[in-house]
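Student: Here you go, this is data-v9.txt (compact mmCIF, C-alpha atoms).
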```
# COMPACT_ATOMS: atom_id res chain seq x y z
CA MET X 254 105.43 54.40 103.87
CA ALA X 255 102.62 56.60 102.63
CA SER X 256 104.57 59.69 103.55
CA SER X 257 107.66 58.54 101.67
CA LEU X 258 105.50 58.06 98.59
CA ALA X 259 104.24 61.58 99.07
CA SER X 260 107.79 62.90 99.39
CA LYS X 261 108.78 61.13 96.22
CA ARG X 262 105.91 62.54 94.28
CA LEU X 263 106.59 66.02 95.64
CA PHE X 264 110.22 65.76 94.68
CA GLN X 265 109.24 64.75 91.18
CA GLU X 266 106.86 67.69 90.90
CA TYR X 267 109.60 69.97 92.17
CA ARG X 268 111.91 68.75 89.45
CA THR X 269 109.33 69.21 86.70
CA LEU X 270 108.43 72.67 87.95
CA THR X 271 112.07 73.69 88.03
CA LYS X 272 113.11 72.27 84.69
CA ASP X 273 110.09 73.53 82.85
CA PRO X 274 108.58 76.32 84.91
CA PRO X 275 105.31 77.82 83.74
CA ASP X 276 105.41 81.56 83.14
CA GLY X 277 105.13 83.67 86.25
CA VAL X 278 105.60 80.91 88.79
CA THR X 279 108.49 79.90 91.02
CA ALA X 280 107.89 77.16 93.53
CA GLY X 281 109.76 74.68 95.63
CA PRO X 282 110.24 73.32 99.11
CA VAL X 283 111.39 75.84 101.69
CA ASN X 284 113.90 73.25 102.80
CA GLU X 285 114.39 69.83 101.24
CA ASP X 286 114.50 68.25 104.68
CA ASP X 287 110.76 68.73 104.70
CA MET X 288 109.17 68.26 101.32
CA PHE X 289 105.74 69.00 102.78
CA VAL X 290 106.17 72.75 103.09
CA TRP X 291 106.66 74.76 99.92
CA GLU X 292 106.93 78.34 99.07
CA ALA X 293 105.61 79.71 95.82
CA LEU X 294 105.80 83.06 94.11
CA ILE X 295 103.04 83.94 91.71
CA GLU X 296 103.11 86.81 89.31
CA GLY X 297 99.98 88.91 89.01
CA PRO X 298 98.35 88.23 85.63
CA GLY X 299 98.62 90.96 83.00
CA GLY X 300 95.67 93.17 82.23
CA THR X 301 94.43 92.98 85.83
CA PRO X 302 95.08 95.25 88.80
CA PHE X 303 97.35 92.48 90.10
CA GLU X 304 99.64 92.95 87.09
CA GLY X 305 103.27 93.47 87.97
CA GLY X 306 102.86 92.14 91.48
CA ILE X 307 104.62 89.18 93.03
CA PHE X 308 102.58 87.23 95.53
CA PRO X 309 104.30 84.82 97.89
CA ALA X 310 102.34 81.90 99.26
CA GLU X 311 102.95 78.89 101.43
CA LEU X 312 101.76 75.44 100.42
CA LYS X 313 101.39 72.76 103.04
CA PHE X 314 100.96 69.21 101.91
CA PRO X 315 99.25 66.48 103.90
CA LYS X 316 101.08 63.22 104.56
CA ASP X 317 98.64 61.43 102.27
CA TYR X 318 99.33 63.71 99.33
CA PRO X 319 98.38 63.31 96.47
CA LEU X 320 95.21 61.69 97.75
CA MET X 321 94.37 64.86 99.61
CA PRO X 322 95.12 68.39 98.42
CA PRO X 323 97.53 70.83 100.04
CA THR X 324 96.42 74.05 101.64
CA MET X 325 97.62 77.29 100.24
CA LYS X 326 98.05 80.53 102.11
CA PHE X 327 99.27 83.83 100.78
CA THR X 328 101.92 85.34 103.01
CA CYS X 329 101.37 88.85 101.76
CA ASP X 330 98.59 91.40 101.82
CA ILE X 331 96.22 90.39 99.10
CA TRP X 332 92.78 91.84 98.64
CA HIS X 333 90.74 89.35 96.69
CA PRO X 334 87.22 87.91 96.96
CA ASN X 335 88.48 84.32 97.08
CA VAL X 336 91.27 84.80 99.59
CA TYR X 337 90.42 84.88 103.28
CA PRO X 338 91.70 87.86 105.22
CA ASN X 339 94.26 85.53 106.81
CA GLY X 340 95.60 84.65 103.36
CA VAL X 341 94.07 81.18 102.91
CA VAL X 342 93.07 80.57 99.31
CA CYS X 343 89.61 79.23 98.60
CA ILE X 344 89.30 77.61 95.19
CA SER X 345 87.75 74.39 94.08
CA ILE X 346 90.99 72.64 93.09
CA LEU X 347 92.11 72.82 96.72
CA HIS X 348 88.95 71.13 97.98
CA PRO X 349 89.06 67.46 98.86
CA PRO X 350 87.81 65.02 96.25
CA GLY X 351 84.20 64.08 96.00
CA ASP X 352 81.04 65.98 95.44
CA ASP X 353 80.40 69.34 96.95
CA PRO X 354 77.52 69.05 99.43
CA ASN X 355 76.38 72.47 98.29
CA HIS X 356 76.53 71.51 94.59
CA TYR X 357 78.47 74.63 93.69
CA GLU X 358 81.33 72.72 92.17
CA GLN X 359 81.73 69.82 89.81
CA ALA X 360 83.69 66.87 91.14
CA SER X 361 86.05 67.35 88.19
CA GLU X 362 87.04 70.82 89.41
CA ARG X 363 88.04 69.56 92.81
CA TRP X 364 91.27 68.01 93.94
CA SER X 365 92.22 64.60 92.65
CA PRO X 366 95.59 62.86 92.43
CA ILE X 367 95.84 63.69 88.73
CA GLN X 368 96.07 67.37 89.59
CA SER X 369 99.42 68.87 90.53
CA VAL X 370 101.11 71.79 92.22
CA GLU X 371 101.56 73.37 88.84
CA LYS X 372 97.84 73.14 88.13
CA ILE X 373 97.06 74.65 91.50
CA LEU X 374 99.36 77.59 90.90
CA LEU X 375 97.96 78.19 87.44
CA SER X 376 94.42 77.97 88.79
CA VAL X 377 95.28 80.51 91.45
CA MET X 378 96.70 82.78 88.78
CA SER X 379 93.51 82.64 86.80
CA MET X 380 91.56 83.15 90.00
CA LEU X 381 93.45 86.42 90.45
CA ALA X 382 92.34 87.46 86.99
CA GLU X 383 88.77 86.31 87.42
CA PRO X 384 87.43 86.27 90.95
CA ASN X 385 84.60 83.86 91.61
CA ASP X 386 81.82 85.85 93.15
CA GLU X 387 79.71 82.86 94.10
CA SER X 388 81.47 81.80 97.26
CA PRO X 389 83.41 84.75 98.59
CA ALA X 390 86.08 84.08 101.19
CA ASN X 391 86.58 87.76 101.84
CA VAL X 392 83.10 89.24 101.94
CA ASP X 393 84.30 92.84 102.07
CA ALA X 394 86.63 92.41 99.13
CA SER X 395 83.90 90.64 97.21
CA ARG X 396 81.44 93.43 97.83
CA MET X 397 83.99 96.04 96.81
CA TRP X 398 84.85 94.08 93.67
CA ARG X 399 81.18 93.91 92.74
CA GLU X 400 80.06 97.39 93.71
CA ARG X 401 83.06 99.67 93.72
CA ARG X 402 85.45 98.28 91.13
CA PRO X 403 87.67 101.37 90.84
CA GLU X 404 88.26 101.40 94.59
CA PHE X 405 88.98 97.67 94.53
CA GLU X 406 91.54 98.11 91.76
CA ARG X 407 93.21 101.04 93.46
CA ARG X 408 93.57 99.11 96.66
CA VAL X 409 95.03 96.07 94.88
CA ARG X 410 97.53 98.27 93.02
CA GLU X 411 98.62 99.85 96.28
CA ASP X 412 99.22 96.41 97.80
CA VAL X 413 101.18 95.38 94.71
CA ARG X 414 103.50 98.35 95.02
CA ARG X 415 103.94 97.96 98.73
CA GLY X 416 104.77 94.31 98.23
CA LEU X 417 107.65 95.30 95.96
CA GLY X 418 108.89 97.82 98.48
CA LEU X 419 107.92 100.83 96.36
CA MET K 88 59.23 120.85 127.17
CA ALA K 89 62.11 118.75 126.07
CA GLU K 90 61.16 116.03 128.49
CA GLN K 91 57.76 115.65 126.97
CA THR K 92 59.19 114.79 123.56
CA LEU K 93 61.61 112.17 124.94
CA ASN K 94 60.41 108.68 124.28
CA ILE K 95 61.58 105.63 126.16
CA PRO K 96 64.40 104.44 123.87
CA GLN K 97 65.86 107.92 123.82
CA LEU K 98 65.66 108.10 127.57
CA LEU K 99 67.41 104.75 127.85
CA ALA K 100 70.08 105.85 125.44
CA VAL K 101 70.72 108.99 127.45
CA LEU K 102 70.94 106.94 130.64
CA VAL K 103 73.37 104.45 129.13
CA VAL K 104 75.56 107.13 127.62
CA GLY K 105 75.52 109.05 130.87
CA PHE K 106 76.40 105.97 132.85
CA LEU K 107 79.28 105.10 130.54
CA ALA K 108 80.55 108.65 130.60
CA ILE K 109 80.57 108.76 134.36
CA ARG K 110 82.10 105.35 134.58
CA TRP K 111 84.78 106.24 132.07
CA TYR K 112 85.46 109.48 133.88
CA PHE K 113 85.79 108.03 137.35
CA PHE K 114 86.89 104.46 136.78
CA SER K 115 89.14 104.62 133.77
CA ALA K 116 91.55 102.31 135.50
CA PRO K 117 93.28 99.73 133.32
CA SER K 118 91.07 96.97 134.65
CA ALA K 119 88.02 98.57 133.06
CA SER K 120 89.25 97.93 129.56
CA GLY K 121 88.93 94.19 129.88
CA GLN K 122 85.37 94.45 131.05
CA GLN K 123 84.49 96.80 128.26
CA HIS K 124 85.96 94.43 125.78
CA ALA K 125 83.90 91.61 127.16
CA ARG K 126 80.77 93.64 126.73
CA HIS K 127 81.19 93.56 122.95
CA HIS K 128 80.45 89.88 122.88
CA PRO K 129 77.85 88.93 125.43
CA PRO K 130 77.46 85.16 125.41
CA GLY K 131 74.82 83.82 123.08
CA ARG K 132 73.79 87.10 121.54
CA SER K 133 76.18 87.38 118.63
CA VAL K 134 78.79 85.08 117.11
CA ASN K 135 82.32 85.55 118.33
CA PRO K 136 84.42 86.44 115.25
CA ALA K 137 87.39 84.63 116.78
CA HIS K 138 85.39 81.40 116.69
CA VAL K 139 84.46 81.99 113.07
CA ASP K 140 88.12 82.60 112.20
CA GLN K 141 89.12 79.47 114.05
CA LEU K 142 86.63 77.34 112.14
CA THR K 143 87.36 78.82 108.74
CA GLN K 144 91.05 78.24 109.32
CA MET K 145 90.38 74.66 110.24
CA PHE K 146 88.11 74.16 107.25
CA PRO K 147 89.11 76.61 104.56
CA GLN K 148 86.48 75.19 102.26
CA LEU K 149 83.70 76.51 104.47
CA ASP K 150 81.86 79.67 103.68
CA ARG K 151 82.19 82.22 106.45
CA ARG K 152 78.56 83.05 106.32
CA SER K 153 77.45 79.44 106.78
CA VAL K 154 79.78 79.10 109.74
CA MET K 155 78.26 82.17 111.34
CA TRP K 156 74.79 80.88 110.65
CA ASP K 157 75.57 77.53 112.24
CA LEU K 158 77.22 79.11 115.27
CA GLN K 159 74.34 81.51 115.66
CA ARG K 160 71.89 78.63 115.75
CA ASN K 161 73.79 76.36 118.11
CA GLY K 162 74.55 79.17 120.53
CA GLY K 163 78.19 79.64 119.57
CA ASN K 164 79.20 76.02 120.14
CA VAL K 165 82.43 75.60 118.16
CA ALA K 166 82.72 71.91 119.03
CA ALA K 167 79.26 71.17 117.70
CA THR K 168 79.97 72.91 114.40
CA THR K 169 83.33 71.14 114.09
CA GLU K 170 81.70 67.79 114.69
CA ARG K 171 79.04 68.51 112.17
CA VAL K 172 81.60 69.31 109.50
CA LEU K 173 83.77 66.32 110.36
CA ALA K 174 80.77 64.03 110.19
CA GLY K 175 80.47 65.11 106.58
CA ARG K 176 77.04 66.54 107.02
CA GLY K 177 78.15 69.96 105.89
CA LEU K 178 76.59 73.18 107.01
CA ASP K 179 73.21 74.43 105.96
CA ALA K 180 73.21 77.34 103.61
CA PRO K 181 72.03 80.38 105.52
CA PRO K 182 68.81 82.00 104.33
CA PRO K 183 69.34 85.09 102.18
CA SER K 184 67.89 87.23 104.94
CA PHE K 185 70.69 86.26 107.33
CA GLN K 186 72.92 89.26 107.84
CA PRO K 187 76.05 88.16 109.69
CA PRO K 188 76.95 90.67 112.38
CA THR K 189 80.14 92.33 111.26
CA PRO K 190 82.82 92.94 113.86
CA PRO K 191 82.63 96.42 115.38
CA SER K 192 85.94 97.49 113.90
CA ARG K 193 84.61 97.13 110.38
CA ILE K 194 81.45 99.05 111.10
CA SER K 195 83.41 101.98 112.41
CA ALA K 196 85.26 102.49 109.14
CA PRO K 197 83.33 101.14 106.17
CA GLY K 198 85.33 102.95 103.49
CA THR K 199 88.83 102.55 104.83
CA GLN K 200 89.17 98.98 106.05
CA PRO K 201 91.90 98.35 108.58
CA SER K 202 94.46 97.70 105.88
CA LYS K 203 97.50 97.95 108.08
CA PRO K 204 100.20 96.00 106.29
CA ILE K 205 100.89 92.99 108.45
CA HIS K 206 103.43 91.52 106.07
CA PRO K 207 106.79 93.06 105.30
CA ASP K 208 107.43 93.81 101.64
CA LEU K 209 109.39 91.25 99.63
CA ILE K 210 112.56 93.31 99.53
CA THR K 211 112.74 93.40 103.31
CA ARG K 212 111.65 89.84 103.67
CA TYR K 213 114.26 88.29 101.42
CA ASN K 214 116.89 90.84 102.27
CA LEU K 215 117.21 92.11 98.74
CA SER K 216 117.87 95.78 99.35
CA ALA K 217 121.55 95.34 98.49
CA LYS K 218 120.65 93.82 95.14
CA ILE K 219 118.42 96.63 93.98
CA LEU K 220 120.09 98.34 91.07
CA PRO K 221 120.31 102.11 91.00
CA PRO K 222 117.73 103.58 88.64
CA THR K 223 118.86 103.86 85.04
CA PRO K 224 120.03 107.35 84.19
CA PRO K 225 117.35 109.06 82.12
CA SER K 226 119.74 109.78 79.26
CA SER K 227 120.45 106.14 78.40
CA SER K 228 118.02 103.99 76.50
CA ASN K 229 115.97 101.96 78.91
CA ASP K 230 116.46 98.43 77.71
CA ASN K 231 120.03 97.24 77.83
CA PRO K 232 122.86 98.83 79.79
CA THR K 233 122.47 98.35 83.53
CA THR K 234 120.50 95.14 83.32
CA THR K 235 123.01 93.10 81.37
CA THR K 236 124.45 91.25 84.33
CA THR K 237 121.09 90.34 85.82
CA ALA K 238 119.66 89.51 82.43
CA ALA K 239 122.48 87.03 82.02
CA THR K 240 121.74 85.35 85.33
CA SER K 241 118.03 85.24 84.67
CA SER K 242 118.43 83.72 81.24
CA GLY K 243 120.79 81.21 82.81
CA ALA K 244 118.18 80.32 85.37
CA ARG K 245 115.58 80.08 82.63
CA GLY K 246 117.66 77.62 80.69
CA SER K 247 116.14 74.25 81.33
CA GLU K 248 119.25 72.37 82.43
CA ALA K 249 120.97 75.06 84.46
CA SER K 250 117.99 75.37 86.79
CA TRP K 251 118.17 71.84 88.11
CA SER K 252 121.14 70.37 89.86
CA ALA K 253 121.79 66.93 91.25
CA ASN K 254 123.36 68.59 94.23
CA ARG K 255 120.90 69.46 96.89
CA ASN K 256 122.55 72.63 98.15
CA GLU K 257 123.04 73.87 94.65
CA ARG K 258 119.38 73.25 93.95
CA GLN K 259 118.42 75.26 96.97
CA ALA K 260 120.66 78.11 95.89
CA LEU K 261 119.26 78.02 92.36
CA LEU K 262 115.72 78.16 93.62
CA GLN K 263 116.58 81.08 95.82
CA ARG K 264 118.22 82.88 92.95
CA ARG K 265 115.22 82.39 90.70
CA ARG K 266 113.00 83.68 93.45
CA ASP K 267 115.12 86.77 94.09
CA GLU K 268 115.43 87.47 90.41
CA MET K 269 111.67 87.23 89.93
CA ILE K 270 111.08 89.80 92.66
CA LEU K 271 113.79 92.16 91.48
CA ALA K 272 112.64 91.93 87.88
CA ALA K 273 109.10 92.78 88.89
CA ARG K 274 110.35 95.74 90.86
CA ARG K 275 112.47 97.00 87.97
CA LYS K 276 109.53 96.70 85.63
CA MET K 277 107.31 98.64 87.98
CA GLU K 278 109.91 101.38 88.37
CA GLU K 279 110.31 101.58 84.62
CA ARG K 280 106.59 101.94 84.23
CA ASP K 281 106.62 104.69 86.83
CA ARG K 282 109.22 106.57 84.85
CA GLU K 283 107.25 106.16 81.64
CA ARG K 284 104.22 107.52 83.38
CA GLY K 285 106.28 110.37 84.79
CA LYS K 286 107.40 111.34 81.30
CA VAL K 287 103.87 111.36 79.97
CA ALA K 288 102.50 113.38 82.87
```
Can you give me the file's structure in the form of structure tokens?
Tutor:
Amino acid sequence: MASSLASKRLFQEYRTLTKDPPDGVTAGPVNEDDMFVWEALIEGPGGTPFEGGIFPAELKFPKDYPLMPPTMKFTCDIWHPNVYPNGVVCISILHPPGDDPNHYEQASERWSPIQSVEKILLSVMSMLAEPNDESPANVDASRMWRERRPEFERRVREDVRRGLGL
Amino acid sequence: MAEQTLNIPQLLAVLVVGFLAIRWYFFSAPSASGQQHARHHPPGRSVNPAHVDQLTQMFPQLDRRSVMWDLQRNGGNVAATTERVLAGRGLDAPPPSFQPPTPPSRISAPGTQPSKPIHPDLITRYNLSAKILPPTPPSSSNDNPTTTTTAATSSGARGSEASWSANRNERQALLQRRRDEMILAARRKMEERDRERGKVA
């Protein structure tokens, strides 16, 4: 029962995202037989080293969505302080509801059923533009971003080009 | 003369290096590699990076450093750390002085991280090589000619009604087309920018 509710909600979000897609985002279920696995493409935001890039990611939704947030994992090489080397994205909107035991994040920034896939994807886009240095997921990338910005940007640009097969 | 200036750590280092050299020279059978690998992670001394990966995959919200700190303190007990997180107690923030031991591979090459591309590029992945348009001839103006057909499809996909279909298979095809078009458009744009840059340089 709960999972059919989740499917319904996901289907509805799919429809909204398709009819009125935000700029630079394409997302939908990999296969409609399973509404709980989505694939998304995110465009790198302009004015950043990620500009011009297309970043594919996989979203996996729990059966009790939207009570609990999905997980999001980039399926490409992406060098970013808030993305684990295995591609898992670490941002507050993907964290379960409630207060952060470490008090880094406001409860309002975290996941709640009023959020949506679209909001997640837009948050991830702005994360690409503005890494959060406070809780790095990729310590090496974070250090490079902080201390050797030109090298960081060069590396990101290389990944962007390689991703497009250039 | 030289022996007098050798202190004990140096002597030990020489012995260890000598031992390894001899061992490598005489016993470089395939079985030795496994043992050498095991020596990188003696139990209890340092945190096994595989365990850290495992935990951070399970709980993406956790900070890698806190996981290492917790594992370090409980002697590398993954189950204990898992239980702690599941119980909602959270992990203690490691003290600023805690320097997580980095895996040996990273130490060996600090500047050039092992950046071997593990993912295929998008063109290969979605099988788009056939759809890549030949580069626009330099004589023509960049904007219109070759892109008319694709521009038409993309504007069609952008149109609010055309993108959604009541038919499930059609929907799937539309989504795929939007996805392909997004990738190809990004590639075209990048190539165009390359050409611009080429002209300037």
Student: Provide as JSON, numbers by chain the residues of chain K at most 6 Å from chain X, counting all atoms listed in the file.
Tutor: {"K": [206, 208, 209, 210, 247, 273, 274]}
Student: Provide the atom CA of X:Lys313 to atom CA of X:Val290 distance in Å, to one decimal place.
Tutor: 4.8 Å
Student: For stretch 174-188 of chain K, please output as an mmCIF file with C-alpha atoms, in the frame of the given file all residues within 8 Å (counting all atoms listed in the file; exclusion window: fewer than 4 positions along the same chain).
Tutor:
```
data_model
loop_
_atom_site.group_PDB
_atom_site.id
_atom_site.type_symbol
_atom_site.label_atom_id
_atom_site.label_comp_id
_atom_site.auth_asym_id
_atom_site.auth_seq_id
_atom_site.Cartn_x
_atom_site.Cartn_y
_atom_site.Cartn_z
ATOM 1 C CA PRO X 354 77.520 69.050 99.430
ATOM 2 C CA ASN X 355 76.380 72.470 98.290
ATOM 3 C CA SER K 133 76.180 87.380 118.630
ATOM 4 C CA VAL K 134 78.790 85.080 117.110
ATOM 5 C CA ARG K 152 78.560 83.050 106.320
ATOM 6 C CA SER K 153 77.450 79.440 106.780
ATOM 7 C CA VAL K 154 79.780 79.100 109.740
ATOM 8 C CA MET K 155 78.260 82.170 111.340
ATOM 9 C CA TRP K 156 74.790 80.880 110.650
ATOM 10 C CA ASP K 157 75.570 77.530 112.240
ATOM 11 C CA GLU K 170 81.700 67.790 114.690
#
```
Student: What's the separation between atom CA of X:Ala259 and atom CA of X:Leu320, in Å to one decimal place?
Tutor: 9.1 Å
Student: Would you compute the distance between atom CA of K:Arg275 and atom CA of X:Glu406? Give it in Å to one decimal.
Tutor: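 Here the two named atoms are 21.3 Å from each other.
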Student: Kindly indicate which residue among X:Asn335, X:Ser257, X:Thr301, X:Gln265 lies nearest to X:Asn385, using all atoms listed in the file for the distances.
Tutor: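 The shortest atom-to-atom distance to X:Asn385 comes from X:Asn335.
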Student: Within 10 Å of (87.3, 86.9, 88.3) in the file's own coordinates, which protein, DNA or RNA residues have an atom, counting all atoms listed in the file? List them as a PyMOL selection string.
Tutor: chain X and resi 301+333-335+379-386+398
Student: Identify, on the basis of only C-alpha atoms, every residue whose closest approach to K:Thr168 does not exceed 9 Å; exclude the query and any residue fewer than 3 positions from it along the same chain; express the result as number ranges by chain.
Tutor: K: 142, 154, 157-158, 161, 163-165, 171-173, 178
